[in-house]
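S.K.: Have a look at this one before I ask anything.
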Amino acid sequence: MEKSIFELKIGEKTRGFKFGTYSMSITCQKENCTLGELIAKVSGDVQPLTVLHVIYGGAVAYAKSKKQTVDFDESDVSDWLDELGFDVAMKLLREGLEVYEPKNSAAPGEPGQRSTKVGQSETANISQ
């Protein structure tokens, strides 16, 4: 699995989001579900609270990986999402989860391989 990191300017501060094992663990804990159940939840019509939990998990994972203080809570992330707008939030969620693949997925070069475009240190191009 490649790391998926996004940085967005929200208000006067750049906020980061990192999607992967840690963010999914946080999200599954908040949603009280398994990873498989979470994937199913975000595959169709997504509930607003689930979107909030996924984005919150990504924000916490980013802060922790950068050794930053987590200076926000779910309410703050909700405010960020209100500022970004629903379309940008959903694009962030989809692109963040796109690179999350089960361990037993097809190896590179095999049929069914999924390519990922966002690397570890790239900044997302998510326009508002």
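Convention: chains lettered A, B, ... in structure tokens order; per-chain residue numbering from 1; ligands numbered from 1 as shown.
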Show me, as a list of chain:residue names, the residues that have an atom within 9 Å of A:Leu52 when counting only C-alpha atoms, minus same-chain residues fewer than 6 positions from it.

M.R.: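 My list of contacting residues is A:Glu74, A:Val77, A:Ser78, A:Leu81, A:Ala89.
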
S.K.: Determine the nearest neighbour of A:Ala61 from the options A:Lys18, A:Lys41, A:Lys9, A:Lys91, counting only C-alpha atoms.

M.R.: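 Ranked by minimum distance to A:Ala61, first place goes to A:Lys18.
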
S.K.: Show me, as a PyMOL selection string, the residues that have an atom within 6 Å of A:Phe17 when counting only C-alpha atoms, minus same-chain residues fewer than 2 positions from it.

M.R.: chain A and resi 5-6+58-59+62

S.K.: Skipping near chain neighbours, those fewer than 4 positions away, what residues fall within 7 Å of A:Val54 using only C-alpha atoms, listed as a compact mmCIF listing (two decimals) with N, CA and C atoms, in the first residue's frame?

M.R.:
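Saved as part_8.txt:
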# COMPACT_ATOMS: atom_id res chain seq x y z
N THR A 27 -10.92 5.57 12.24
CA THR A 27 -12.26 5.63 11.66
C THR A 27 -13.10 4.43 12.08
N THR A 50 -20.02 9.52 8.84
CA THR A 50 -18.96 8.65 8.36
C THR A 50 -17.90 9.46 7.62
N GLY A 58 -7.95 10.76 9.05
CA GLY A 58 -6.84 11.18 8.19
C GLY A 58 -6.08 12.35 8.77
N LEU A 93 -12.14 12.27 0.52
CA LEU A 93 -12.46 10.95 1.04
C LEU A 93 -12.19 9.88 -0.01
